[in-house]
Structure formats: C-alpha cells, structure tokens
>>> print(open('upload-v6.txt').read())   # compact mmCIF, C-alpha atoms
# COMPACT_ATOMS: atom_id res chain seq x y z
CA MET A 1 -17.81 19.12 -6.43
CA GLN A 2 -14.13 19.99 -6.58
CA THR A 3 -12.44 17.62 -9.02
CA ASP A 4 -9.21 17.36 -7.03
CA GLU A 5 -10.96 16.94 -3.68
CA LYS A 6 -9.77 14.00 -1.61
CA PHE A 7 -12.61 11.52 -1.05
CA THR A 8 -13.21 8.86 1.57
CA ASP A 9 -14.99 5.59 0.80
CA ALA A 10 -18.21 7.09 2.16
CA THR A 11 -18.09 10.38 0.26
CA TRP A 12 -16.89 8.87 -3.03
CA PRO A 13 -19.81 9.14 -5.53
CA ALA A 14 -21.45 5.92 -6.69
CA ALA A 15 -20.86 6.85 -10.33
CA PRO A 16 -17.60 8.86 -10.17
CA GLU A 17 -17.27 8.88 -13.98
CA LYS A 18 -20.45 10.94 -14.30
CA ALA A 19 -20.29 12.99 -11.09
CA THR A 20 -18.92 16.11 -12.80
CA LEU A 21 -20.21 17.98 -15.86
CA GLU A 22 -16.91 17.32 -17.60
CA GLY A 23 -17.28 13.61 -16.88
CA LYS A 24 -20.82 13.55 -18.28
CA ASN A 25 -19.77 15.40 -21.42
CA LYS A 26 -16.81 13.11 -21.94
CA TYR A 27 -19.05 10.10 -21.63
CA LEU A 28 -21.54 11.36 -24.22
CA GLY A 29 -18.84 12.64 -26.56
CA PHE A 30 -16.99 9.36 -26.39
CA TRP A 31 -20.05 7.38 -27.42
CA LEU A 32 -20.52 9.71 -30.40
CA PHE A 33 -16.95 8.84 -31.33
CA LEU A 34 -17.73 5.13 -30.94
CA GLY A 35 -20.71 5.57 -33.31
CA GLY A 36 -18.24 6.97 -35.87
CA GLU A 37 -15.82 4.12 -35.21
CA THR A 38 -18.64 1.69 -35.94
CA VAL A 39 -19.04 3.22 -39.40
CA LEU A 40 -15.29 3.14 -39.96
CA PHE A 41 -14.95 -0.53 -39.10
CA ALA A 42 -18.13 -1.47 -40.99
CA SER A 43 -16.65 0.11 -44.15
CA LEU A 44 -13.46 -1.88 -43.68
CA PHE A 45 -15.49 -5.07 -43.15
CA ALA A 46 -17.50 -4.29 -46.30
CA THR A 47 -14.29 -3.79 -48.28
CA TYR A 48 -12.85 -7.02 -46.93
CA LEU A 49 -15.98 -9.02 -47.75
CA ALA A 50 -16.04 -7.61 -51.29
CA LEU A 51 -12.35 -8.35 -51.89
CA LYS A 52 -12.00 -11.65 -50.03
CA ASP A 53 -9.98 -14.22 -52.00
CA LYS A 54 -9.58 -11.80 -54.93
CA VAL A 55 -6.05 -12.83 -55.89
CA PRO A 56 -4.17 -12.41 -59.19
CA ASN A 57 -3.23 -16.08 -59.82
CA GLY A 58 -3.72 -19.64 -58.67
CA GLU A 59 -0.56 -19.75 -56.55
CA ALA A 60 -1.59 -16.94 -54.19
CA ALA A 61 -2.86 -18.05 -50.78
CA LEU A 62 -6.58 -17.83 -50.08
CA ALA A 63 -8.28 -17.29 -46.71
CA LYS A 64 -8.71 -21.02 -46.10
CA ASP A 65 -4.98 -21.66 -46.71
CA LEU A 66 -3.85 -18.92 -44.34
CA PHE A 67 -5.91 -19.00 -41.17
CA GLU A 68 -5.36 -21.45 -38.34
CA LEU A 69 -7.80 -22.22 -35.56
CA PRO A 70 -5.42 -22.45 -32.53
CA LEU A 71 -3.74 -19.06 -33.02
CA THR A 72 -7.05 -17.24 -33.52
CA PHE A 73 -8.46 -19.04 -30.49
CA VAL A 74 -5.65 -18.01 -28.17
CA ALA A 75 -5.78 -14.40 -29.41
CA THR A 76 -9.55 -14.32 -28.86
CA MET A 77 -9.24 -15.68 -25.31
CA LEU A 78 -6.56 -13.11 -24.45
CA LEU A 79 -8.67 -10.19 -25.66
CA LEU A 80 -11.95 -11.44 -24.14
CA THR A 81 -10.26 -11.97 -20.78
CA SER A 82 -8.69 -8.52 -20.91
CA SER A 83 -12.20 -7.14 -21.34
CA LEU A 84 -13.26 -8.81 -18.06
CA THR A 85 -10.16 -7.62 -16.20
CA SER A 86 -10.92 -4.03 -17.18
CA VAL A 87 -14.47 -4.54 -15.84
CA TYR A 88 -12.84 -5.57 -12.54
CA ALA A 89 -10.71 -2.42 -12.64
CA VAL A 90 -13.81 -0.22 -13.04
CA TYR A 91 -15.54 -2.18 -10.26
CA HIS A 92 -12.70 -1.27 -7.89
CA MET A 93 -12.75 2.31 -9.14
CA LYS A 94 -16.40 2.56 -8.11
CA ASN A 95 -15.46 1.23 -4.66
CA ASN A 96 -12.64 3.80 -4.36
CA HIS A 97 -9.97 1.07 -4.30
CA PHE A 98 -7.14 2.71 -6.18
CA LYS A 99 -4.50 -0.01 -5.71
CA GLN A 100 -6.79 -2.82 -6.87
CA MET A 101 -7.89 -0.76 -9.84
CA GLN A 102 -4.26 -0.27 -10.84
CA ALA A 103 -3.55 -3.98 -10.44
CA TRP A 104 -6.42 -5.00 -12.72
CA PHE A 105 -5.42 -2.44 -15.34
CA VAL A 106 -1.88 -3.83 -15.28
CA ILE A 107 -3.30 -7.31 -15.99
CA THR A 108 -5.42 -5.83 -18.79
CA ILE A 109 -2.36 -4.19 -20.32
CA ALA A 110 -0.37 -7.43 -20.09
CA LEU A 111 -3.13 -9.39 -21.86
CA GLY A 112 -3.33 -6.65 -24.51
CA PHE A 113 0.39 -6.96 -25.18
CA GLY A 114 -0.02 -10.73 -25.46
CA PHE A 115 -2.67 -10.23 -28.12
CA LEU A 116 -0.56 -7.71 -30.01
CA GLY A 117 2.45 -10.04 -29.91
CA LEU A 118 0.41 -12.86 -31.43
CA GLU A 119 -0.84 -10.56 -34.18
CA ILE A 120 2.68 -9.47 -35.06
CA TYR A 121 3.78 -13.13 -35.17
CA GLU A 122 0.77 -13.94 -37.37
CA PHE A 123 1.39 -11.17 -39.91
CA ASN A 124 5.08 -12.04 -40.03
CA HIS A 125 4.15 -15.68 -40.64
CA TYR A 126 1.79 -14.81 -43.53
CA VAL A 127 4.34 -12.56 -45.18
CA HIS A 128 7.24 -15.01 -45.00
CA GLU A 129 5.50 -18.38 -45.39
CA TYR A 130 2.75 -17.47 -47.84
CA HIS A 131 4.02 -14.25 -49.46
CA HIS A 132 0.67 -12.78 -48.49
CA THR A 133 1.52 -9.08 -48.20
CA PHE A 134 -0.26 -5.76 -48.30
CA THR A 135 0.56 -5.29 -51.97
CA SER A 136 0.39 -8.91 -53.20
CA SER A 137 -3.35 -8.87 -53.92
CA ALA A 138 -6.60 -6.98 -53.33
CA PHE A 139 -7.35 -9.66 -50.74
CA GLY A 140 -4.08 -8.88 -48.95
CA SER A 141 -4.74 -5.13 -48.92
CA ALA A 142 -8.25 -5.56 -47.55
CA PHE A 143 -7.14 -8.11 -44.94
CA TYR A 144 -4.22 -6.10 -43.57
CA THR A 145 -6.21 -2.88 -43.56
CA LEU A 146 -9.07 -4.37 -41.53
CA VAL A 147 -7.08 -6.52 -39.10
CA GLY A 148 -4.22 -4.02 -38.96
CA PHE A 149 -6.57 -1.17 -38.12
CA HIS A 150 -7.90 -3.23 -35.24
CA GLY A 151 -4.35 -4.04 -34.13
CA GLY A 152 -3.58 -0.32 -34.33
CA HIS A 153 -6.53 0.33 -32.04
CA VAL A 154 -5.18 -2.22 -29.58
CA ALA A 155 -1.76 -0.54 -29.66
CA PHE A 156 -3.34 2.87 -29.16
CA GLY A 157 -5.48 1.55 -26.29
CA LEU A 158 -2.39 0.16 -24.57
CA MET A 159 -0.58 3.49 -24.92
CA TRP A 160 -3.66 5.20 -23.51
CA PHE A 161 -3.82 2.91 -20.48
CA ILE A 162 -0.10 3.20 -19.82
CA SER A 163 -0.10 7.01 -20.05
CA LEU A 164 -3.07 7.22 -17.67
CA MET A 165 -1.45 4.82 -15.21
CA VAL A 166 1.90 6.61 -15.21
CA ARG A 167 0.36 10.05 -15.12
CA ASN A 168 -1.89 9.22 -12.16
CA ALA A 169 0.36 6.71 -10.41
CA ARG A 170 0.74 8.76 -7.25
CA ARG A 171 -2.31 10.93 -7.46
CA GLY A 172 -4.89 8.43 -6.20
CA LEU A 173 -8.50 8.48 -7.33
CA ASN A 174 -10.44 11.70 -7.68
CA LEU A 175 -13.15 13.10 -9.90
CA TYR A 176 -10.52 14.46 -12.27
CA ASN A 177 -9.11 11.09 -13.28
CA ALA A 178 -12.01 8.68 -12.65
CA PRO A 179 -13.77 9.63 -15.94
CA LYS A 180 -10.46 9.20 -17.77
CA PHE A 181 -9.99 5.63 -16.53
CA TYR A 182 -13.63 4.85 -17.24
CA ILE A 183 -13.52 6.14 -20.84
CA ALA A 184 -10.30 4.24 -21.55
CA SER A 185 -11.98 1.02 -20.40
CA LEU A 186 -15.00 1.76 -22.64
CA TYR A 187 -12.61 2.08 -25.57
CA TRP A 188 -11.06 -1.23 -24.62
CA HIS A 189 -14.47 -2.95 -24.65
CA PHE A 190 -15.18 -1.47 -28.06
CA ILE A 191 -11.94 -2.99 -29.38
CA ASP A 192 -13.24 -6.31 -28.09
CA VAL A 193 -16.59 -5.80 -29.84
CA VAL A 194 -14.77 -5.28 -33.15
CA TRP A 195 -12.61 -8.35 -32.53
CA VAL A 196 -15.69 -10.55 -32.00
CA PHE A 197 -16.73 -9.71 -35.56
CA ILE A 198 -13.19 -10.08 -36.91
CA PHE A 199 -12.71 -13.58 -35.51
CA THR A 200 -16.16 -14.59 -36.73
CA VAL A 201 -16.29 -12.95 -40.16
CA VAL A 202 -12.63 -12.98 -41.17
CA TYR A 203 -11.14 -16.03 -39.46
CA LEU A 204 -13.92 -18.53 -38.81
CA MET A 205 -15.89 -17.79 -41.98
CA GLY A 206 -12.61 -17.68 -43.89
CA MET A 207 -11.73 -21.17 -42.71
CA VAL A 208 -15.16 -22.49 -43.65
CA GLY A 209 -14.57 -21.23 -47.19
CA MET B 210 -29.27 0.37 -10.24
CA ALA B 211 -25.80 0.71 -8.83
CA ASN B 212 -25.05 4.24 -9.90
CA GLU B 213 -27.76 6.06 -8.04
CA GLN B 214 -27.06 7.72 -4.73
CA SER B 215 -29.41 7.14 -1.85
CA ASN B 216 -30.51 10.05 0.30
CA SER B 217 -29.53 8.52 3.62
CA ALA B 218 -28.17 11.10 6.05
CA ASN B 219 -25.57 8.64 7.29
CA PRO B 220 -23.10 8.01 4.46
CA ASN B 221 -21.85 4.81 6.11
CA VAL B 222 -25.24 3.11 5.80
CA ASP B 223 -25.29 4.12 2.17
CA LEU B 224 -21.77 2.79 1.67
CA LYS B 225 -22.63 -0.72 2.79
CA TYR B 226 -25.61 -0.78 0.45
CA ARG B 227 -23.56 0.51 -2.46
CA ARG B 228 -20.79 -2.02 -1.88
CA LYS B 229 -23.37 -4.79 -1.94
CA LYS B 230 -24.94 -3.42 -5.13
CA ASN B 231 -21.54 -3.13 -6.80
CA ALA B 232 -20.62 -6.68 -5.80
CA GLU B 233 -23.92 -7.92 -7.17
CA GLU B 234 -23.34 -6.15 -10.46
CA MET B 235 -19.83 -7.58 -10.65
CA LYS B 236 -21.31 -11.05 -10.25
CA HIS B 237 -23.56 -10.39 -13.25
CA GLN B 238 -20.54 -9.24 -15.23
CA VAL B 239 -18.72 -12.49 -14.48
CA ILE B 240 -21.77 -14.52 -15.56
CA THR B 241 -21.85 -12.45 -18.76
CA PHE B 242 -18.19 -13.24 -19.32
CA VAL B 243 -18.72 -16.99 -18.82
CA LEU B 244 -21.55 -16.92 -21.37
CA MET B 245 -19.38 -15.01 -23.83
CA ILE B 246 -16.61 -17.58 -23.50
CA PHE B 247 -19.18 -20.34 -23.97
CA PHE B 248 -20.47 -18.76 -27.21
CA THR B 249 -16.91 -18.33 -28.45
CA LEU B 250 -16.20 -22.01 -27.77
CA LEU B 251 -19.37 -22.97 -29.67
CA SER B 252 -18.30 -20.87 -32.67
CA PHE B 253 -14.82 -22.37 -32.77
CA ALA B 254 -16.24 -25.88 -32.29
CA ALA B 255 -18.70 -25.40 -35.17
CA VAL B 256 -15.77 -24.62 -37.46
CA GLY B 257 -13.26 -27.05 -35.92
CA ILE B 258 -15.48 -30.12 -35.92
CA GLU B 259 -15.82 -31.55 -39.41
CA GLY B 260 -19.14 -32.52 -40.91
CA PHE B 261 -21.22 -29.38 -40.66
CA SER B 262 -22.22 -27.74 -43.93
CA HIS B 263 -21.16 -24.13 -44.38
CA TRP B 264 -24.80 -23.21 -44.91
CA PHE B 265 -25.29 -24.18 -41.29
CA ILE B 266 -22.06 -22.82 -39.79
CA LYS B 267 -22.10 -19.28 -41.20
CA PRO B 268 -25.51 -18.11 -39.92
CA VAL B 269 -24.95 -19.81 -36.55
CA ILE B 270 -21.56 -18.24 -35.83
CA LEU B 271 -22.83 -14.83 -37.02
CA LEU B 272 -25.76 -15.13 -34.63
CA LEU B 273 -23.42 -16.12 -31.78
CA ALA B 274 -21.23 -13.08 -32.55
CA VAL B 275 -24.24 -10.75 -32.45
CA ILE B 276 -25.37 -12.16 -29.09
CA GLN B 277 -21.86 -11.76 -27.70
CA VAL B 278 -21.64 -8.17 -28.84
CA ILE B 279 -25.02 -7.38 -27.27
CA PHE B 280 -23.68 -8.75 -23.96
CA GLN B 281 -20.54 -6.69 -24.32
CA LEU B 282 -22.45 -3.47 -25.07
CA TYR B 283 -25.26 -3.84 -22.54
CA TYR B 284 -23.31 -5.35 -19.63
CA PHE B 285 -19.62 -4.52 -19.96
CA MET B 286 -20.30 -1.10 -21.47
CA HIS B 287 -23.32 -0.49 -19.20
CA MET B 288 -25.86 0.31 -21.91
CA LYS B 289 -28.50 -1.53 -19.88
CA HIS B 290 -28.41 1.27 -17.29
CA LYS B 291 -30.84 4.17 -17.41
CA GLY B 292 -29.90 7.36 -19.25
CA HIS B 293 -28.35 5.70 -22.28
CA GLY B 294 -30.93 6.86 -24.84
CA THR B 295 -28.70 9.35 -26.64
CA ILE B 296 -25.84 6.89 -26.57
CA ALA B 297 -28.02 4.20 -28.14
CA LEU B 298 -29.01 6.71 -30.84
CA PHE B 299 -25.32 7.36 -31.65
CA LEU B 300 -24.45 3.69 -31.73
CA PHE B 301 -27.44 2.47 -33.72
CA SER B 302 -27.12 5.32 -36.27
CA GLY B 303 -23.53 4.24 -36.81
CA LEU B 304 -24.62 0.63 -37.04
CA ALA B 305 -27.37 1.44 -39.58
CA VAL B 306 -24.94 3.26 -41.89
CA GLY B 307 -22.37 0.50 -41.39
CA LEU B 308 -24.73 -2.36 -42.16
CA ILE B 309 -26.01 -0.67 -45.33
CA THR B 310 -22.39 -0.26 -46.42
CA VAL B 311 -21.74 -3.96 -45.85
CA LEU B 312 -24.93 -4.89 -47.69
CA VAL B 313 -24.05 -2.72 -50.69
CA PHE B 314 -20.46 -3.97 -50.89
CA THR B 315 -21.49 -7.60 -50.75
CA THR B 316 -24.37 -7.36 -53.24
CA ILE B 317 -24.42 -4.61 -55.85
CA VAL B 318 -20.85 -3.28 -55.98
CA TRP B 319 -19.08 -4.60 -59.07
CA LEU B 320 -15.46 -5.60 -58.57
>>> encode(input="upload-v6.txt", output="structure tokens")
Amino acid sequence: MQTDEKFTDATWPAAPEKATLEGKNKYLGFWLFLGGETVLFASLFATYLALKDKVPNGEAALAKDLFELPLTFVATMLLLTSSLTSVYAVYHMKNNHFKQMQAWFVITIALGFGFLGLEIYEFNHYVHEYHHTFTSSAFGSAFYTLVGFHGGHVAFGLMWFISLMVRNARRGLNLYNAPKFYIASLYWHFIDVVWVFIFTVVYLMGMVG
Amino acid sequence: MANEQSNSANPNVDLKYRRKKNAEEMKHQVITFVLMIFFTLLSFAAVGIEGFSHWFIKPVILLLAVIQVIFQLYYFMHMKHKGHGTIALFLFSGLAVGLITVLVFTTIVWL
C-alpha cells in the first residue's frame, strides 16, 4: 500500500498503525524502547527507595512533611484522564475520523499541560517553603531525579504530540502518519504507567511514613 | 478482535462491522478507565482515612497499583490483542531487571 494514498472510510485499514512494514517495525522497536525505559525508571525507583528520608539533620523535611494528598490527587486525575482521551483519539483514528482525532489529542495535550503546571508549582513550593532542593540532601536528589525524570517525559510527550499535530494539521490521515500518532499515544500511556507507581510508592507510601 | 480485516468483497459491509467492533472495544476501554479511577480512589482513601495501620496500607495500595498498570498495559496499550508475544518479552525482561534492581537497593545495598 502507498503510504500517502488517500483513503475512504471503507478502504482505510482496520489497524492503520500496523498496515505498512514501517508501521510494524516502529511498533516493535518502540516496545523495545519501552522495555529499556522500564529498567531506567526501576533504577530511579530503587535509588529513591534506598535514599528516602536520608537527610543530614533533624531540621530537614522528610517525605511525610512534604507531600499533600489533594495536590497529588488532582495531578493523578489529570494524567489518568489524559490517558483515556488519547484512547479516544486512537479510536477515531481507527475509524478514519481525522477531525475528532485531532480534537481528542488537543484535550490530551491540555490535560498534560495541567499536570506539568501542577508539578512545577509543587517543586517550587518544596524549594521555597521547605528548602527541599536537589542538593539539600540525598533524599532531595533521589526525589527530584525520579519525579523530575517523569516530568521531563511528560514535557517531551507534549512536544511530541504538538509537533505531530502541527506537522500533519492539513495532511489528513494516511498510512504515513497513522503509526506516528499511534506510537505517540503508546508513549503517553507509558508515562501514565510510571505515574501510577510514583503516586503510590513516592507520595502515598511517603505520607504513610 | 478489532484489528483483523474480513474478506468480504463489499467493503461497505465490512465497514459497518468494523465500526461496531471499534465501538465495542471503546466501551471496554471506558469500563477499564472507570475501574482505574475506582482503584485510585481506594488508594487515596486508604491513606487519607485515619486508623489503618501502615502494615495494611502499603501492601494494599501496591497491589492496587499493579492491577491498574495491568489494565493500562493490556487494555489501553492493547497488549491483550494477538501478536504481542515479542512485545511482552521486551516488557517483562525490562521488568525482571528492574525489579531485581529495586530488591537489591532496598535490601543488601549499604548506604
């Protein structure tokens, strides 16, 4: 199949992301990358767990002093919902509905920015209210590396979505860009997977003590 | 399975069927999402409501996180579909290395 061929609803493949060899290879290669990402984040989690609450003196803030339930809850809801909206986008992609797909990706991007904004507020709050910085303690270094790396992934994912949207804004759907949109949404789900462990292991378990 | 093409000579018949299949799958995705939100609420409630011992809370919220991630991987990321054997190998190899790292860092590494 020609990748830039114009499709109708009837001729559009049921799985456009895997209809071309390039699409199939991208799909497989991307999951190999996600396997590597799993190792990366697991190492950061391991480091965090080993260094949690390792602070130089009694005045430094510990996990249970820092974290607050409402902020983490709102951030979690934003990211979980953005995962569902990107599922909707891929659903419309499979039905060859370009406009709806774009609309759902725009919502996903907006939710992602909401999450990122909260994280920036949170870090700023810790630094100024608690003097909990990257260099203040081993706990601080491990915390900012783990959560910051995740935040970096969110920022990268947003850039990825935006570039794809702008680049393909007037092209419509074809077999050249369908795998690209699909892979970007896979990446977005993976970010959500990592966040589920961050809010559980770092925030909730941190608050429990 | 939604991503298999039928061999019907008339693509319009096929289209109707595919649309229905896709809509059905989307319904499952929404149910998955509702369950995920429910598990998240349970986790936050377990920590937010006072009175539970941390020996109870920690294993429960970890278990809820694992279930949620399984939903995310198998439904949202389509690992439940056929042809994901190699992908599962990649992911679980990564997970095996990762979990051993976590185990080592939380037990025998001296800090």
>>> atom_distance(input="upload-v6.txt", atom1="CA of Arg227 in chain B", atom2="CA of Thr8 in chain A")
13.9 Å
>>> interface_residues(input="upload-v6.txt", of="chain A", to="chain B", cutoff="6 Å", atoms="all atoms listed in the file", output="PyMOL selection string")
chain A and resi 10+14-15+31-32+35+38-39+42+46+50+193
>>> atom_distance(input="upload-v6.txt", atom1="CA of Trp104 in chain A", atom2="CA of Ala89 in chain A")
5.0 Å
>>> atom_distance(input="upload-v6.txt", atom1="CA of Met165 in chain A", atom2="CA of Lys6 in chain A")
18.4 Å
>>> residues_around(input="upload-v6.txt", residues="range 171-174 of chain A", least_positions_apart="6", cutoff="10 Å", atoms="all atoms listed in the file", output="ChimeraX atom specification")
/A:2-7,12-13,16-17,93-94,96-99,101-102,165,181
>>> residues_around(input="upload-v6.txt", residues="range 130-144 of chain A", least_positions_apart="3", cutoff="8 Å", atoms="all atoms listed in the file", output="ChimeraX atom specification")
/A:44,47-48,51-56,60-61,66,125-127,147-149
>>> residues_near_point(input="upload-v6.txt", point="(-16.0, -4.5, -33.3)", cutoff="9 Å", atoms="only C-alpha atoms", output="mmCIF file with C-alpha atoms, in the frame of the given file")
data_model
loop_
_atom_site.group_PDB
_atom_site.id
_atom_site.type_symbol
_atom_site.label_atom_id
_atom_site.label_comp_id
_atom_site.auth_asym_id
_atom_site.auth_seq_id
_atom_site.Cartn_x
_atom_site.Cartn_y
_atom_site.Cartn_z
ATOM 1 C CA GLU A 37 -15.820 4.120 -35.210
ATOM 2 C CA THR A 38 -18.640 1.690 -35.940
ATOM 3 C CA PHE A 41 -14.950 -0.530 -39.100
ATOM 4 C CA ALA A 42 -18.130 -1.470 -40.990
ATOM 5 C CA HIS A 150 -7.900 -3.230 -35.240
ATOM 6 C CA HIS A 189 -14.470 -2.950 -24.650
ATOM 7 C CA PHE A 190 -15.180 -1.470 -28.060
ATOM 8 C CA ILE A 191 -11.940 -2.990 -29.380
ATOM 9 C CA ASP A 192 -13.240 -6.310 -28.090
ATOM 10 C CA VAL A 193 -16.590 -5.800 -29.840
ATOM 11 C CA VAL A 194 -14.770 -5.280 -33.150
ATOM 12 C CA TRP A 195 -12.610 -8.350 -32.530
ATOM 13 C CA VAL A 196 -15.690 -10.550 -32.000
ATOM 14 C CA PHE A 197 -16.730 -9.710 -35.560
ATOM 15 C CA ILE A 198 -13.190 -10.080 -36.910
ATOM 16 C CA VAL B 278 -21.640 -8.170 -28.840
#
>>> closest_residue(input="upload-v6.txt", among="B:His237, B:Lys291, B:Ile317, B:Val269", to="Leu251 in chain B", atoms="only C-alpha atoms")
B:Val269
>>> residues_around(input="upload-v6.txt", residues="Lys26 in chain A", least_positions_apart="2", cutoff="12 Å", atoms="all atoms listed in the file", output="ChimeraX atom specification")
/A:17-24,28-33,176-184,186 /B:296
>>> decode(input="upload-v6.txt", residues="range 92-167 of chain A", atoms="C-alpha atoms", output="CSV table (one decimal), in the first residue's frame")
chain,number,residue,atom,x,y,z
A,92,HIS,CA,-11.2,7.9,16.0
A,93,MET,CA,-8.0,7.3,14.1
A,94,LYS,CA,-9.1,3.7,13.5
A,95,ASN,CA,-12.4,5.0,12.2
A,96,ASN,CA,-10.7,7.4,9.8
A,97,HIS,CA,-12.1,10.5,11.6
A,98,PHE,CA,-9.3,12.9,11.4
A,99,LYS,CA,-11.0,16.0,13.0
A,100,GLN,CA,-12.2,14.0,16.0
A,101,MET,CA,-8.8,12.5,16.5
A,102,GLN,CA,-7.2,16.0,16.5
A,103,ALA,CA,-9.8,17.2,19.0
A,104,TRP,CA,-9.1,14.4,21.4
A,105,PHE,CA,-5.4,14.9,21.1
A,106,VAL,CA,-5.8,18.6,21.9
A,107,ILE,CA,-7.7,17.7,25.1
A,108,THR,CA,-4.9,15.2,25.9
A,109,ILE,CA,-2.3,18.0,25.4
A,110,ALA,CA,-4.3,20.4,27.6
A,111,LEU,CA,-4.6,17.9,30.4
A,112,GLY,CA,-0.8,17.1,30.1
A,113,PHE,CA,0.0,20.8,30.5
A,114,GLY,CA,-2.3,21.0,33.5
A,115,PHE,CA,-0.3,18.1,35.1
A,116,LEU,CA,3.0,19.8,34.2
A,117,GLY,CA,1.9,23.1,35.7
A,118,LEU,CA,1.0,21.4,39.0
A,119,GLU,CA,4.4,19.7,39.1
A,120,ILE,CA,6.2,23.0,38.6
A,121,TYR,CA,4.1,24.6,41.4
A,122,GLU,CA,4.8,21.6,43.6
A,123,PHE,CA,8.6,21.7,43.1
A,124,ASN,CA,8.6,25.5,43.6
A,125,HIS,CA,6.6,25.1,46.8
A,126,TYR,CA,9.1,22.5,48.2
A,127,VAL,CA,12.1,24.6,47.4
A,128,HIS,CA,10.8,27.8,48.9
A,129,GLU,CA,8.7,26.6,51.8
A,130,TYR,CA,10.8,23.6,53.0
A,131,HIS,CA,14.2,24.3,51.5
A,132,HIS,CA,14.0,20.8,50.0
A,133,THR,CA,16.3,21.1,46.9
A,134,PHE,CA,18.2,18.9,44.6
A,135,THR,CA,21.4,19.5,46.6
A,136,SER,CA,20.0,19.7,50.1
A,137,SER,CA,20.1,16.0,50.9
A,138,ALA,CA,20.4,12.6,49.3
A,139,PHE,CA,16.6,12.3,49.7
A,140,GLY,CA,16.2,15.5,47.7
A,141,SER,CA,18.5,14.3,44.9
A,142,ALA,CA,16.7,11.0,44.6
A,143,PHE,CA,13.3,12.6,44.8
A,144,TYR,CA,13.9,15.3,42.1
A,145,THR,CA,15.7,12.8,39.8
A,146,LEU,CA,12.8,10.3,39.9
A,147,VAL,CA,9.8,12.7,39.8
A,148,GLY,CA,11.7,15.2,37.6
A,149,PHE,CA,12.6,12.5,35.0
A,150,HIS,CA,8.9,11.6,34.8
A,151,GLY,CA,8.0,15.3,34.5
A,152,GLY,CA,10.6,15.5,31.7
A,153,HIS,CA,8.9,12.6,30.0
A,154,VAL,CA,5.6,14.4,30.2
A,155,ALA,CA,7.2,17.6,28.7
A,156,PHE,CA,8.8,15.5,25.9
A,157,GLY,CA,5.5,13.8,25.2
A,158,LEU,CA,3.7,17.1,24.9
A,159,MET,CA,6.3,18.4,22.5
A,160,TRP,CA,5.9,15.2,20.5
A,161,PHE,CA,2.2,15.5,20.3
A,162,ILE,CA,2.3,19.1,19.4
A,163,SER,CA,4.9,18.6,16.6
A,164,LEU,CA,2.9,15.7,15.1
A,165,MET,CA,-0.3,17.8,15.2
A,166,VAL,CA,1.3,20.9,13.6
A,167,ARG,CA,3.2,18.8,11.1
